[in-house]
Amino acid sequence: MTALERFLVYVKIHTASSERDDRTPTEEREFDLARVLEKEMKALGMERVLVDEHAYAYGFIPATAGCENRPCVGFIAHLDTIPDFSGENVKPQLIENYDGGPVALGTSGRVLTADVNPHLSELRGHTLVTTDGTTVLGADDKAGVAAIMTACERLLTSGRPHGAVAVCFTPDEEVGHGAALLDLERFGADFAYTVDGGELNEINFETFNAAAAHWEIAGFNIHPGSAKDRMINASLVAMEINAMLPSGAVPERTEKYEGFFHLTDMSGTVEKAELHYILRDHDAAALAEKEKLMRLIEKQINEKYGPGTAKLTLREQYRNMAEKLAPRMEIVELAENAVRSLGLEPVRVPIRGGTDGSQLSFRGLLCPNIGTGGYACHGPYEHTTAENLDAAARLVEAITDLVR
């Protein structure tokens with residue numbers, strides 16, 4: 001099967017995860033794709049194939065004769081799609097010999113255009129794959145799944161020498177759980193790559209350091225007619241807290257290595273209010289300063305309105321995997337050489353987010369990310385091409401060929 005043929009099968013399997021945190025996988029439907037992959041890996045002749053109780057799908061290709069001493073390289077992609085935009089009833093559109101112009105996404109009224117997606121001109125002549133405008137496509141990260149599976153088939157049928165290859169397809173990456181229960185001993189890789197989004201020539205080994213902040217504000221409600229100097233309006237205090245943060249340090253006004261405070265959710269009445277933030281920075285010391293500022297705001301609010309008015313809970317989420325990868329840049333350089341073998345010039349791009357590789361690197365499995373050639377993920381404008389899917393598979397193969 002080609003990478004495109006696999007991809008079109010995978011994206012039609014509904015695998016959206018959810019924000020619930022009481023189980024892994026967060027949704028039983030993630031097993032549906034895991035079982036398909038289990039059957040496919042067995043049919044290809046892969047070894048140690050297993051879907052565990054948490055929907056992690058493992059497979060293994062042993063080294064060919066004479067290559068047993070090469071390190072075992074791992075490849076990881078995630079099964080799930082985002083929980084907050086539909087991944088059900090995906091109906092991909094294929095536009096052969098794409099001309100670079102606008103593309104109507106089904107009858108949704110949405111149109112894929114170059115003004116928002118300037119790379120479209122570079123896709124002329126490709127077979128473009130889009131949504132019908134009502135769902136995500138699922139290239140994040142079923143493009144990675146298709147690339148890995150296609151590369152595995154080629155390795156098993158080509159007869160060329162290679163070291164051992166371990167693969168794992170994980171649940172719940174989109175909600176931050178993807179690496180938590182991956183069994184590193186069962187996986188068996190010496191180092192690995194997530195194959196998850198981004199341009200084909202991008203190598204990602206830097207992520208944000210990340211924390212979550214939850215504010216609980218206790219107000220004092222009283223009849224507004226007698227509220228003078230007595231009422232504490234929790235919703236207004238919440239607004240005051242947000243106003244004490246730097247207004248420019250938000251996602252919509254930052255880029256590259258610039259960190260931010262992101263208000264993701266808020267609710268409130270006079271009596272009670274809550275604020276939920278995520279804090280991000282590539283520099284660990286800068287993230288610590290963001291946390292310190294929030295603690296200072298908590299102190300000042302409680303001094304102004306009384307003890308217990310504001311309660312701040314900070315929780316670490318993940319750390320910048322560059323901290324672990326910096327001493328082992330040969331793993332990044334190997335991927336860069338693989339990119340060059342495809343005729344592309346590699347670029348190192350910091351991830352303005354996280355990846356399974358962050359947690360895995362801190363668990364002891366060094367794991368940068370390579371691209372799949374998917375675009376505009378997490379929404380109805382998501383798209384890729386048949387050529388990019390094939391190139392992503394060739395990139396996985398090239399990495400395997402270069403491992404010594």
# chains A, B, ... in the order shown; residues from 1 in each chain; ligands from 1
$ residues_around --residues "Leu50 in chain A" --least-positions-apart "6" --cutoff "8 Å" --atoms "only C-alpha atoms" --output "number ranges by chain"
A: 38, 56-59
$ closest_atom_pairs --of "range 170-242 of chain A" --to "range 315-328 of chain A" --cutoff "10 Å" --atoms "only C-alpha atoms" --output "Markdown table"
| residue | atom | partner | partner_atom | distance |
| --- | --- | --- | --- | --- |
| A:Gly176 | CA | A:Gln317 | CA | 8.5 |
| A:Asn204 | CA | A:Ala322 | CA | 9.2 |
| A:Phe205 | CA | A:Ala322 | CA | 5.6 |
| A:Glu206 | CA | A:Ala322 | CA | 4.8 |
| A:Thr207 | CA | A:Asn320 | CA | 4.7 |
| A:Phe208 | CA | A:Asn320 | CA | 5.2 |
| A:Asn209 | CA | A:Arg319 | CA | 4.2 |
| A:Ala210 | CA | A:Tyr318 | CA | 5.2 |
| A:Ala211 | CA | A:Glu316 | CA | 4.3 |
| A:Ala212 | CA | A:Arg315 | CA | 5.1 |
| A:Ala213 | CA | A:Arg315 | CA | 6.5 |
| A:His214 | CA | A:Arg315 | CA | 8.5 |
$ closest_atom_pairs --of "range 289-333 of chain A" --to "range 234-239 of chain A" --cutoff "12 Å" --atoms "only C-alpha atoms" --output "JSON lines"
{"residue": "A:Ile297", "atom": "CA", "partner": "A:Ala238", "partner_atom": "CA", "distance": 11.1}
{"residue": "A:Glu298", "atom": "CA", "partner": "A:Ala238", "partner_atom": "CA", "distance": 10.9}
{"residue": "A:Gln300", "atom": "CA", "partner": "A:Val237", "partner_atom": "CA", "distance": 11.5}
{"residue": "A:Ile301", "atom": "CA", "partner": "A:Val237", "partner_atom": "CA", "distance": 8.1}
{"residue": "A:Asn302", "atom": "CA", "partner": "A:Val237", "partner_atom": "CA", "distance": 10.5}
{"residue": "A:Lys304", "atom": "CA", "partner": "A:Val237", "partner_atom": "CA", "distance": 10.4}
{"residue": "A:Tyr305", "atom": "CA", "partner": "A:Val237", "partner_atom": "CA", "distance": 9.0}
{"residue": "A:Gly306", "atom": "CA", "partner": "A:Val237", "partner_atom": "CA", "distance": 11.9}
{"residue": "A:Gly308", "atom": "CA", "partner": "A:Ala234", "partner_atom": "CA", "distance": 11.9}
{"residue": "A:Thr309", "atom": "CA", "partner": "A:Ala234", "partner_atom": "CA", "distance": 8.3}
{"residue": "A:Ala310", "atom": "CA", "partner": "A:Val237", "partner_atom": "CA", "distance": 8.7}
{"residue": "A:Lys311", "atom": "CA", "partner": "A:Ala238", "partner_atom": "CA", "distance": 11.2}
{"residue": "A:Leu312", "atom": "CA", "partner": "A:Ala238", "partner_atom": "CA", "distance": 11.7}
$ write_last_selection --atoms "C-alpha atoms" --output "PDB file, in the first residue's frame"
ATOM      1  CA  ILE A 297      -0.212  39.034  42.137  1.00  0.00           C
ATOM      2  CA  GLU A 298      -1.795  36.499  44.490  1.00  0.00           C
ATOM      3  CA  GLN A 300      -1.104  41.673  46.390  1.00  0.00           C
ATOM      4  CA  ILE A 301      -4.734  40.681  45.771  1.00  0.00           C
ATOM      5  CA  ASN A 302      -4.985  39.075  49.192  1.00  0.00           C
ATOM      6  CA  LYS A 304      -5.902  44.375  49.087  1.00  0.00           C
ATOM      7  CA  TYR A 305      -9.099  42.343  49.562  1.00  0.00           C
ATOM      8  CA  GLY A 306      -8.285  40.102  52.504  1.00  0.00           C
ATOM      9  CA  GLY A 308      -8.139  33.865  51.072  1.00  0.00           C
ATOM     10  CA  THR A 309      -9.634  36.074  48.368  1.00  0.00           C
ATOM     11  CA  ALA A 310      -7.359  34.584  45.718  1.00  0.00           C
ATOM     12  CA  LYS A 311      -5.943  31.083  45.662  1.00  0.00           C
ATOM     13  CA  LEU A 312      -3.399  30.208  42.981  1.00  0.00           C
TER      14      LEU A 312
END
$ closest_residue --among "A:Arg6, A:Lys292, A:Arg253, A:Arg404" --to "Gly144 in chain A" --atoms "only C-alpha atoms"
A:Arg6
$ closest_residue --among "A:Glu387, A:Thr254, A:Glu47, A:Glu88" --to "Arg124 in chain A" --atoms "only C-alpha atoms"
A:Glu387
$ residues_around --residues "Phe261 in chain A" --least-positions-apart "5" --cutoff "10 Å" --atoms "only C-alpha atoms" --output "ChimeraX atom specification"
/A:211-213,242,245-251,277-281,287,290-291
$ write_last_selection --atoms "N, CA and C atoms" --output "PDB file, in the first residue's frame"
ATOM      1  N   ALA A 211       3.670  25.235  32.240  1.00  0.00           N
ATOM      2  CA  ALA A 211       2.989  25.121  33.528  1.00  0.00           C
ATOM      3  C   ALA A 211       1.538  25.537  33.352  1.00  0.00           C
ATOM      4  N   ALA A 212       0.687  25.062  34.234  1.00  0.00           N
ATOM      5  CA  ALA A 212      -0.719  25.455  34.257  1.00  0.00           C
ATOM      6  C   ALA A 212      -0.985  26.237  35.536  1.00  0.00           C
ATOM      7  N   ALA A 213      -1.833  27.237  35.433  1.00  0.00           N
ATOM      8  CA  ALA A 213      -2.185  28.070  36.593  1.00  0.00           C
ATOM      9  C   ALA A 213      -3.699  28.118  36.734  1.00  0.00           C
ATOM     10  N   ASN A 242      -6.110  39.521  35.716  1.00  0.00           N
ATOM     11  CA  ASN A 242      -5.654  39.416  34.332  1.00  0.00           C
ATOM     12  C   ASN A 242      -4.993  40.720  33.870  1.00  0.00           C
ATOM     13  N   LEU A 245      -1.230  41.222  34.462  1.00  0.00           N
ATOM     14  CA  LEU A 245      -0.276  40.491  33.636  1.00  0.00           C
ATOM     15  C   LEU A 245       0.127  41.351  32.439  1.00  0.00           C
ATOM     16  N   PRO A 246       1.314  41.162  31.899  1.00  0.00           N
ATOM     17  CA  PRO A 246       1.745  41.969  30.743  1.00  0.00           C
ATOM     18  C   PRO A 246       0.875  41.710  29.525  1.00  0.00           C
ATOM     19  N   SER A 247       0.279  42.750  28.991  1.00  0.00           N
ATOM     20  CA  SER A 247      -0.722  42.588  27.932  1.00  0.00           C
ATOM     21  C   SER A 247      -0.137  42.053  26.636  1.00  0.00           C
ATOM     22  N   GLY A 248       1.143  42.256  26.406  1.00  0.00           N
ATOM     23  CA  GLY A 248       1.751  41.775  25.170  1.00  0.00           C
ATOM     24  C   GLY A 248       2.230  40.351  25.221  1.00  0.00           C
ATOM     25  N   ALA A 249       2.267  39.762  26.403  1.00  0.00           N
ATOM     26  CA  ALA A 249       2.790  38.399  26.554  1.00  0.00           C
ATOM     27  C   ALA A 249       1.670  37.379  26.430  1.00  0.00           C
ATOM     28  N   VAL A 250       1.032  37.389  25.272  1.00  0.00           N
ATOM     29  CA  VAL A 250      -0.067  36.467  24.972  1.00  0.00           C
ATOM     30  C   VAL A 250       0.245  35.790  23.639  1.00  0.00           C
ATOM     31  N   PRO A 251      -0.368  34.624  23.372  1.00  0.00           N
ATOM     32  CA  PRO A 251      -0.016  33.882  22.151  1.00  0.00           C
ATOM     33  C   PRO A 251      -0.156  34.682  20.871  1.00  0.00           C
ATOM     34  N   TYR A 277      -5.052  29.390  33.194  1.00  0.00           N
ATOM     35  CA  TYR A 277      -4.004  29.835  32.285  1.00  0.00           C
ATOM     36  C   TYR A 277      -3.055  28.681  31.982  1.00  0.00           C
ATOM     37  N   ILE A 278      -2.433  28.776  30.814  1.00  0.00           N
ATOM     38  CA  ILE A 278      -1.212  28.008  30.595  1.00  0.00           C
ATOM     39  C   ILE A 278      -0.075  29.009  30.436  1.00  0.00           C
ATOM     40  N   LEU A 279       1.069  28.683  31.030  1.00  0.00           N
ATOM     41  CA  LEU A 279       2.266  29.516  30.996  1.00  0.00           C
ATOM     42  C   LEU A 279       3.310  28.785  30.165  1.00  0.00           C
ATOM     43  N   ARG A 280       3.948  29.502  29.241  1.00  0.00           N
ATOM     44  CA  ARG A 280       4.898  28.860  28.336  1.00  0.00           C
ATOM     45  C   ARG A 280       6.145  29.724  28.152  1.00  0.00           C
ATOM     46  N   ASP A 281       7.308  29.071  28.112  1.00  0.00           N
ATOM     47  CA  ASP A 281       8.549  29.751  27.761  1.00  0.00           C
ATOM     48  C   ASP A 281       9.609  28.705  27.442  1.00  0.00           C
ATOM     49  N   LEU A 287      10.275  31.038  32.522  1.00  0.00           N
ATOM     50  CA  LEU A 287       9.004  30.466  32.988  1.00  0.00           C
ATOM     51  C   LEU A 287       8.887  30.628  34.502  1.00  0.00           C
ATOM     52  N   LYS A 290       7.643  33.961  35.286  1.00  0.00           N
ATOM     53  CA  LYS A 290       6.197  34.075  35.050  1.00  0.00           C
ATOM     54  C   LYS A 290       5.421  33.521  36.241  1.00  0.00           C
ATOM     55  N   GLU A 291       5.870  32.400  36.765  1.00  0.00           N
ATOM     56  CA  GLU A 291       5.227  31.827  37.945  1.00  0.00           C
ATOM     57  C   GLU A 291       5.399  32.758  39.147  1.00  0.00           C
TER      58      GLU A 291
END
$ select_by_dssp --residues "range 173-239 of chain A" --states "strand (DSSP E or B)" --output "ChimeraX atom specification"
/A:191-195,202-204,209-218,220,232
$ write_last_selection --atoms "C-alpha atoms" --output "PDB file, in the first residue's frame"
ATOM      1  CA  PHE A 191      16.564   6.633  20.853  1.00  0.00           C
ATOM      2  CA  ALA A 192      13.505   7.636  18.878  1.00  0.00           C
ATOM      3  CA  TYR A 193      11.720  10.240  16.787  1.00  0.00           C
ATOM      4  CA  THR A 194       8.147  11.365  16.954  1.00  0.00           C
ATOM      5  CA  VAL A 195       6.770  11.722  13.423  1.00  0.00           C
ATOM      6  CA  GLU A 202      11.889  20.733   9.976  1.00  0.00           C
ATOM      7  CA  ILE A 203      13.663  19.129  12.915  1.00  0.00           C
ATOM      8  CA  ASN A 204      12.267  19.970  16.339  1.00  0.00           C
ATOM      9  CA  ASN A 209       8.694  24.663  29.331  1.00  0.00           C
ATOM     10  CA  ALA A 210       5.085  24.531  30.438  1.00  0.00           C
ATOM     11  CA  ALA A 211       2.989  25.121  33.528  1.00  0.00           C
ATOM     12  CA  ALA A 212      -0.719  25.455  34.257  1.00  0.00           C
ATOM     13  CA  ALA A 213      -2.185  28.070  36.593  1.00  0.00           C
ATOM     14  CA  HIS A 214      -5.599  27.841  38.214  1.00  0.00           C
ATOM     15  CA  TRP A 215      -7.030  30.812  40.102  1.00  0.00           C
ATOM     16  CA  GLU A 216      -9.946  30.534  42.521  1.00  0.00           C
ATOM     17  CA  ILE A 217     -11.377  33.878  43.628  1.00  0.00           C
ATOM     18  CA  ALA A 218     -13.741  34.136  46.575  1.00  0.00           C
ATOM     19  CA  PHE A 220     -18.442  38.646  49.069  1.00  0.00           C
ATOM     20  CA  ILE A 232     -16.070  42.014  46.784  1.00  0.00           C
TER      21      ILE A 232
END
$ atom_distance --atom1 "CA of Leu365 in chain A" --atom2 "CA of Ala391 in chain A"
25.4 Å
